[in-house]
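Structure file model_12.cif (mmCIF, C-alpha atoms) is printed below.
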data_final
#
loop_
_atom_site.label_atom_id
_atom_site.label_comp_id
_atom_site.auth_asym_id
_atom_site.auth_seq_id
_atom_site.Cartn_x
_atom_site.Cartn_y
_atom_site.Cartn_z
CA MET A 2 24.98 -48.13 -10.78
CA LYS A 3 28.62 -47.69 -11.77
CA ILE A 4 30.30 -44.35 -12.38
CA ASP A 5 32.94 -44.37 -15.11
CA CYS A 6 35.82 -42.07 -14.27
CA ILE A 7 39.22 -40.94 -15.51
CA VAL A 8 42.14 -39.23 -13.79
CA VAL A 9 43.97 -36.31 -15.42
CA ASP A 10 47.18 -35.18 -13.72
CA ASP A 11 50.72 -34.64 -14.95
CA GLU A 12 52.18 -36.20 -11.77
CA PRO A 13 52.40 -40.04 -11.95
CA LEU A 14 52.23 -40.48 -8.16
CA ALA A 15 49.13 -38.30 -7.95
CA ARG A 16 47.41 -40.38 -10.66
CA GLU A 17 48.34 -43.57 -8.85
CA GLY A 18 46.98 -42.28 -5.56
CA ILE A 19 43.60 -41.36 -7.03
CA ARG A 20 43.45 -44.66 -8.90
CA LYS A 21 43.92 -46.55 -5.61
CA TYR A 22 41.13 -44.53 -4.01
CA ILE A 23 38.84 -45.25 -6.98
CA ASN A 24 39.43 -48.98 -6.59
CA ARG A 25 38.31 -48.80 -2.95
CA VAL A 26 34.85 -47.46 -3.87
CA SER A 27 32.47 -50.11 -5.19
CA TYR A 28 30.42 -47.83 -7.43
CA LEU A 29 33.41 -46.20 -9.17
CA GLN A 30 34.72 -47.73 -12.39
CA TYR A 31 38.29 -46.71 -13.28
CA VAL A 32 38.54 -46.25 -17.06
CA GLY A 33 41.98 -44.69 -17.50
CA ASP A 34 44.37 -41.91 -16.58
CA PHE A 35 46.14 -39.23 -18.58
CA ALA A 36 49.23 -37.10 -18.03
CA SER A 37 47.84 -34.18 -20.02
CA ALA A 38 44.52 -32.49 -20.67
CA LEU A 39 45.10 -32.80 -24.42
CA ASP A 40 45.30 -36.61 -24.22
CA ALA A 41 42.17 -36.71 -22.08
CA TYR A 42 40.34 -34.43 -24.52
CA ASP A 43 41.07 -36.79 -27.43
CA PHE A 44 39.84 -39.77 -25.40
CA LEU A 45 36.58 -38.11 -24.41
CA GLN A 46 35.64 -37.37 -28.00
CA ASP A 47 35.04 -41.11 -28.51
CA TYR A 48 34.47 -42.43 -24.99
CA PRO A 49 32.55 -40.06 -22.70
CA VAL A 50 32.71 -40.76 -18.97
CA ASP A 51 30.65 -39.74 -15.94
CA LEU A 52 33.39 -38.19 -13.80
CA ILE A 53 36.85 -36.63 -14.13
CA PHE A 54 39.37 -36.23 -11.32
CA LEU A 55 41.26 -33.25 -12.67
CA ASP A 56 44.44 -31.43 -11.73
CA ILE A 57 44.57 -27.70 -12.52
CA ASN A 58 48.20 -26.68 -12.96
CA MET A 59 49.37 -28.76 -15.93
CA PRO A 60 51.61 -27.95 -18.93
CA LYS A 61 50.15 -26.94 -22.32
CA MET A 62 46.55 -26.76 -21.05
CA SER A 63 45.31 -26.18 -17.50
CA GLY A 64 42.49 -28.20 -16.02
CA LEU A 65 40.27 -25.10 -16.02
CA ASP A 66 40.86 -24.44 -19.73
CA PHE A 67 40.30 -28.13 -20.46
CA ILE A 68 36.80 -28.08 -18.96
CA ARG A 69 35.99 -24.87 -20.83
CA GLN A 70 36.82 -26.67 -24.10
CA LEU A 71 34.25 -29.44 -23.53
CA ASP A 72 30.78 -28.94 -25.00
CA ASN A 73 29.05 -31.17 -22.49
CA PRO A 74 31.53 -31.87 -19.68
CA PRO A 75 31.01 -34.73 -17.23
CA LYS A 76 31.04 -34.23 -13.49
CA VAL A 77 34.38 -32.82 -12.31
CA ILE A 78 36.26 -33.08 -9.04
CA PHE A 79 39.37 -30.90 -9.06
CA THR A 80 42.46 -32.31 -7.33
CA THR A 81 45.10 -29.65 -6.85
CA ALA A 82 47.75 -28.19 -4.55
CA TYR A 83 46.58 -24.62 -5.21
CA ARG A 84 43.85 -22.94 -3.16
CA GLU A 85 43.53 -19.86 -5.36
CA PHE A 86 41.55 -21.54 -8.15
CA ALA A 87 38.60 -22.62 -5.99
CA LEU A 88 36.28 -19.82 -7.18
CA ASP A 89 37.07 -20.57 -10.82
CA SER A 90 36.27 -24.24 -10.28
CA TYR A 91 32.81 -23.57 -8.84
CA GLU A 92 32.03 -21.19 -11.69
CA LEU A 93 32.58 -24.26 -13.89
CA ASN A 94 30.09 -26.25 -11.77
CA ALA A 95 32.70 -28.53 -10.24
CA VAL A 96 31.31 -31.03 -7.76
CA ASP A 97 34.19 -30.48 -5.35
CA TYR A 98 37.67 -29.03 -4.97
CA LEU A 99 40.15 -31.32 -3.21
CA LEU A 100 43.47 -29.98 -1.95
CA LYS A 101 46.51 -32.26 -2.05
CA PRO A 102 47.43 -34.28 -0.10
CA ILE A 103 43.93 -35.76 -0.28
CA SER A 104 42.63 -38.04 2.46
CA PHE A 105 40.40 -40.96 1.55
CA GLU A 106 37.62 -39.58 3.76
CA ARG A 107 37.64 -36.28 1.84
CA PHE A 108 37.77 -38.16 -1.46
CA TYR A 109 34.81 -40.37 -0.50
CA ASN A 110 32.67 -37.40 0.56
CA ALA A 111 33.25 -35.83 -2.85
CA VAL A 112 32.40 -38.90 -4.92
CA ASP A 113 29.33 -39.59 -2.78
CA LYS A 114 27.90 -36.28 -4.03
CA VAL A 115 28.40 -37.47 -7.60
CA TYR A 116 26.74 -40.80 -6.85
CA ASP A 117 23.63 -39.16 -5.39
CA THR A 118 23.30 -36.81 -8.38
CA LEU A 119 23.76 -39.46 -11.08
CA LYS A 120 21.49 -41.96 -9.32
CA ALA A 121 18.67 -39.43 -9.31
CA VAL A 122 19.19 -38.75 -13.04
CA ASP A 123 19.31 -42.48 -13.83
CA ILE A 124 15.94 -43.04 -12.11
CA GLU A 125 14.37 -40.15 -14.02
CA GLN A 126 15.55 -41.55 -17.34
CA GLN A 127 13.72 -44.88 -17.10
CA ASP A 128 11.20 -43.95 -19.81
CA GLU A 129 9.29 -46.35 -22.05
CA TYR A 130 9.58 -44.28 -25.21
CA ILE A 131 11.15 -41.20 -26.78
CA PHE A 132 10.19 -38.92 -29.66
CA VAL A 133 12.56 -38.08 -32.53
CA LYS A 134 12.15 -36.27 -35.83
CA VAL A 135 12.18 -38.58 -38.87
CA ASP A 136 11.59 -37.17 -42.40
CA GLY A 137 9.96 -34.06 -40.95
CA VAL A 138 7.60 -36.08 -38.73
CA ILE A 139 7.83 -36.38 -34.93
CA GLN A 140 8.06 -40.16 -34.47
CA LYS A 141 7.41 -42.11 -31.27
CA ILE A 142 10.06 -44.78 -30.61
CA VAL A 143 9.15 -47.49 -28.11
CA LEU A 144 12.44 -48.27 -26.38
CA ALA A 145 11.61 -51.96 -25.90
CA GLU A 146 11.55 -52.22 -29.71
CA LEU A 147 14.82 -50.35 -30.31
CA LEU A 148 17.71 -52.77 -30.90
CA TYR A 149 20.72 -50.53 -31.51
CA ILE A 150 21.83 -47.18 -32.91
CA GLU A 151 24.59 -46.45 -35.40
CA ALA A 152 26.29 -43.09 -35.97
CA MET A 153 26.40 -41.66 -39.49
CA LYS A 154 28.17 -38.27 -39.38
CA ASP A 155 25.55 -35.79 -38.09
CA TYR A 156 22.76 -38.40 -38.16
CA VAL A 157 22.03 -41.66 -36.40
CA LYS A 158 20.34 -44.81 -37.70
CA LEU A 159 17.81 -46.45 -35.39
CA TYR A 160 17.34 -50.20 -35.90
CA LEU A 161 13.99 -51.57 -34.70
CA GLU A 162 12.69 -55.06 -33.89
CA ASP A 163 10.32 -55.10 -36.86
CA GLY A 164 13.25 -54.68 -39.26
CA LYS A 165 12.71 -50.98 -39.90
CA MET A 166 15.61 -48.55 -39.90
CA LEU A 167 14.91 -44.88 -39.16
CA ILE A 168 17.28 -41.93 -39.59
CA THR A 169 17.20 -38.80 -37.45
CA LEU A 170 19.33 -35.65 -37.31
CA LEU A 171 21.03 -36.16 -33.93
CA SER A 172 24.57 -36.97 -32.91
CA LEU A 173 25.19 -40.31 -31.22
CA LYS A 174 26.03 -38.48 -28.00
CA GLN A 175 22.74 -36.55 -28.10
CA MET A 176 20.83 -39.76 -28.76
CA ASP A 177 22.60 -41.61 -25.96
CA ASN A 178 21.64 -38.84 -23.52
CA LEU A 179 17.96 -39.51 -24.27
CA LEU A 180 18.16 -43.20 -23.40
CA PRO A 181 17.90 -45.16 -20.13
CA SER A 182 20.67 -47.29 -18.68
CA ALA A 183 20.01 -50.48 -20.69
CA PHE A 184 21.39 -48.64 -23.72
CA PHE A 185 25.18 -48.76 -23.61
CA ARG A 186 27.67 -46.98 -25.87
CA THR A 187 29.74 -50.01 -26.82
CA HIS A 188 31.83 -48.29 -29.48
CA ARG A 189 32.49 -44.78 -30.80
CA SER A 190 29.81 -45.38 -33.47
CA PHE A 191 27.29 -47.66 -31.72
CA VAL A 192 24.84 -47.73 -28.82
CA ALA A 193 23.27 -51.14 -28.10
CA ASN A 194 20.17 -52.16 -26.18
CA LEU A 195 21.78 -54.70 -23.85
CA ASP A 196 18.38 -56.26 -23.10
CA LYS A 197 18.32 -57.47 -26.71
CA VAL A 198 21.75 -59.16 -26.85
CA ASP A 199 21.53 -62.84 -27.89
CA ARG A 200 25.22 -63.69 -27.56
CA ILE A 201 28.73 -62.24 -27.36
CA GLU A 202 31.52 -63.46 -29.62
CA GLY A 203 34.89 -61.79 -29.24
CA ASN A 204 34.35 -58.06 -29.59
CA MET A 205 30.93 -58.44 -31.20
CA LEU A 206 27.42 -58.40 -29.78
CA TRP A 207 24.82 -60.38 -31.68
CA ILE A 208 21.35 -58.81 -31.66
CA THR A 209 18.77 -60.68 -33.79
CA GLU A 210 21.55 -61.82 -36.15
CA LYS A 211 22.96 -58.31 -36.44
CA GLN A 212 26.50 -57.59 -35.23
CA VAL A 213 27.33 -54.60 -33.02
CA PRO A 214 31.04 -53.95 -32.28
CA VAL A 215 32.45 -53.48 -28.80
CA ALA A 216 35.59 -51.42 -28.16
CA PRO A 217 38.25 -53.71 -26.61
CA GLN A 218 38.64 -51.56 -23.49
CA LEU A 219 34.88 -51.76 -22.83
CA ARG A 220 34.45 -55.51 -23.36
CA GLU A 221 34.60 -56.52 -19.67
CA GLN A 222 32.07 -53.84 -18.71
CA VAL A 223 29.70 -54.91 -21.48
CA ILE A 224 29.95 -58.60 -20.53
CA GLU A 225 29.20 -57.78 -16.89
CA ALA A 226 26.25 -55.61 -17.88
CA VAL A 227 24.77 -58.23 -20.22
CA THR A 228 25.30 -61.29 -18.02
CA LYS A 229 24.52 -59.74 -14.63
CA GLY A 230 22.08 -57.00 -15.58
CA LYS A 231 24.34 -54.34 -14.05
CA TYR A 232 23.44 -51.50 -16.34
CA TYR A 233 24.81 -47.98 -15.99
CA LYS A 234 25.20 -45.08 -18.38
CA ARG A 235 28.56 -44.22 -19.92
#
Could I get this structure in the form of structure tokens?
Amino acid sequence: MKIDCIVVDDEPLAREGIRKYINRVSYLQYVGDFASALDAYDFLQDYPVDLIFLDINMPKMSGLDFIRQLDNPPKVIFTTAYREFALDSYELNAVDYLLKPISFERFYNAVDKVYDTLKAVDIEQQDEYIFVKVDGVIQKIVLAELLYIEAMKDYVKLYLEDGKMLITLLSLKQMDNLLPSAFFRTHRSFVANLDKVDRIEGNMLWITEKQVPVAPQLREQVIEAVTKGKYYKR
């Protein structure tokens, strides 16, 4: 299992330090870093992650206010020089509160908590089917027969092996949360069943002669997942 993470801190040296720590932990996947909470917020609307390393005292929007703005925030580890916000952070269900300067040992203890939590969730999500509402009927969807999902405003289209396409009133994010790790959000508008990929050409997955786009920044992760079977939720 890999844990996708971003770093949000207005200090370049602080971002670099956390990035180096991330690269030392085999199960952490560095996705990007941001100098402001506003930039990170825009990114997360299209590319949700599992974990945020988040500073608190930043211009324009604090780390605490940033988390309050997110409808379904990922796991959060606060990285700050200020002790006085610890209570606020735990009220927001932060995994940990790291005071700068941060030692690698303290960093590793914090991310190990995240790993244990997400691994337990990943095991629980290995279901064989889900139920969704289609045209007023509760429909059983066998996951082995689900090829990919496409977002369509407030709905999603479900493409099945038998050629059927079903539409249900769920957001892509809600749908993705129902699915096990073989289903990967390859693009802001698509989730693909990586078990069904026939080939990869450029930034396209081919699934039974259908094309599913891959965001350029996710291409290496998708290739690794498809070719090595290293699946993990985004």
query = In Å, with one decimal, what is the gap from CA of Tyr160 in chain A to CA of Asp51 in chain A?
reply =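 CA of Asp51 in chain A lies 26.2 Å from CA of Tyr160 in chain A.
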Selection result of the PyMOL selection byres ((chain A and resi 10) around 9) on this file, as an mmCIF file with C-alpha atoms, in the coordinates of the input:
data_model
loop_
_atom_site.group_PDB
_atom_site.id
_atom_site.type_symbol
_atom_site.label_atom_id
_atom_site.label_comp_id
_atom_site.auth_asym_id
_atom_site.auth_seq_id
_atom_site.Cartn_x
_atom_site.Cartn_y
_atom_site.Cartn_z
ATOM 1 C CA VAL A 8 42.140 -39.230 -13.790
ATOM 2 C CA VAL A 9 43.970 -36.310 -15.420
ATOM 3 C CA ASP A 11 50.720 -34.640 -14.950
ATOM 4 C CA GLU A 12 52.180 -36.200 -11.770
ATOM 5 C CA PRO A 13 52.400 -40.040 -11.950
ATOM 6 C CA ALA A 15 49.130 -38.300 -7.950
ATOM 7 C CA ARG A 16 47.410 -40.380 -10.660
ATOM 8 C CA ASP A 34 44.370 -41.910 -16.580
ATOM 9 C CA PHE A 35 46.140 -39.230 -18.580
ATOM 10 C CA ALA A 36 49.230 -37.100 -18.030
ATOM 11 C CA SER A 37 47.840 -34.180 -20.020
ATOM 12 C CA ALA A 38 44.520 -32.490 -20.670
ATOM 13 C CA PHE A 54 39.370 -36.230 -11.320
ATOM 14 C CA LEU A 55 41.260 -33.250 -12.670
ATOM 15 C CA ASP A 56 44.440 -31.430 -11.730
ATOM 16 C CA ILE A 57 44.570 -27.700 -12.520
ATOM 17 C CA ASN A 58 48.200 -26.680 -12.960
ATOM 18 C CA MET A 59 49.370 -28.760 -15.930
ATOM 19 C CA GLY A 64 42.490 -28.200 -16.020
ATOM 20 C CA THR A 80 42.460 -32.310 -7.330
#
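Among the candidate residues A:Ile150, A:Ala226, A:Val50, A:Leu170, the one lying nearest to Ala183 in chain A is A:Ala226, with distances computed using all atoms listed in the file.
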request  = Determine the nearest neighbour of Phe105 in chain A from the options A:Pro60, A:Glu151, A:Lys21, A:Ala87, counting only C-alpha atoms.
outcome  = A:Lys21
ask   = Using all atoms listed in the file, which residue out of A:Lys114, A:Arg25, A:Arg200, A:Arg84 lies closest to Asp97 in chain A?
value =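 Going through A:Lys114, A:Arg25, A:Arg200, A:Arg84 one by one, the smallest distance to Asp97 in chain A is for A:Lys114.
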request  = Find the residues around range 208-215 of chain A up to 10 Å (only C-alpha atoms counted), leave out those fewer than 3 positions away in its own chain, and share them as an MDAnalysis selection string.
outcome  = chainID A and resid 148:151 160 162 164 186:205 218:221 223
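Counting from CA of Tyr98 in chain A, the distance to CA of Asp117 in chain A is 17.3 Å.
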message = Report, in Å with one decimal, the straight-line distance from CA of Asp43 in chain A to CA of Asp5 in chain A.
response =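 One can read the CA of Asp43 in chain A to CA of Asp5 in chain A distance as 16.6 Å.
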query = Residues picked by the PyMOL selection byres ((chain A and resi 45) around 12) here, as number ranges by chain?
reply = A: 5-7, 9, 32-35, 38-44, 46-53, 67-68, 70-75, 174, 189, 235
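Omitting Lys154 in chain A and its sequence neighbours fewer than 2 positions away, and counting all atoms listed in the file, the residues within 9 Å are Ala152, Tyr156, Val157, Ser172 and Leu173 of chain A.
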ask   = Expanded to explicit residues, what is the PyMOL selection byres ((chain A and resi 136) around 10) for this file, as a list in words?
value = Val133, Lys134, Val135, Gly137, Val138, Ile139, Gln140, Leu167, Ile168, Thr169 and Leu170 of chain A
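Of the listed residues A:Val26, A:Leu144, A:Ile131, A:Val96, the one whose atoms come nearest to Thr118 in chain A is A:Val96, with distances taken using all atoms listed in the file.
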key: Radius query 6 Å about (10.9, -44.2, -24.8), atoms used: all atoms listed in the file, as a ChimeraX atom specification   = /A:128-131,142-144
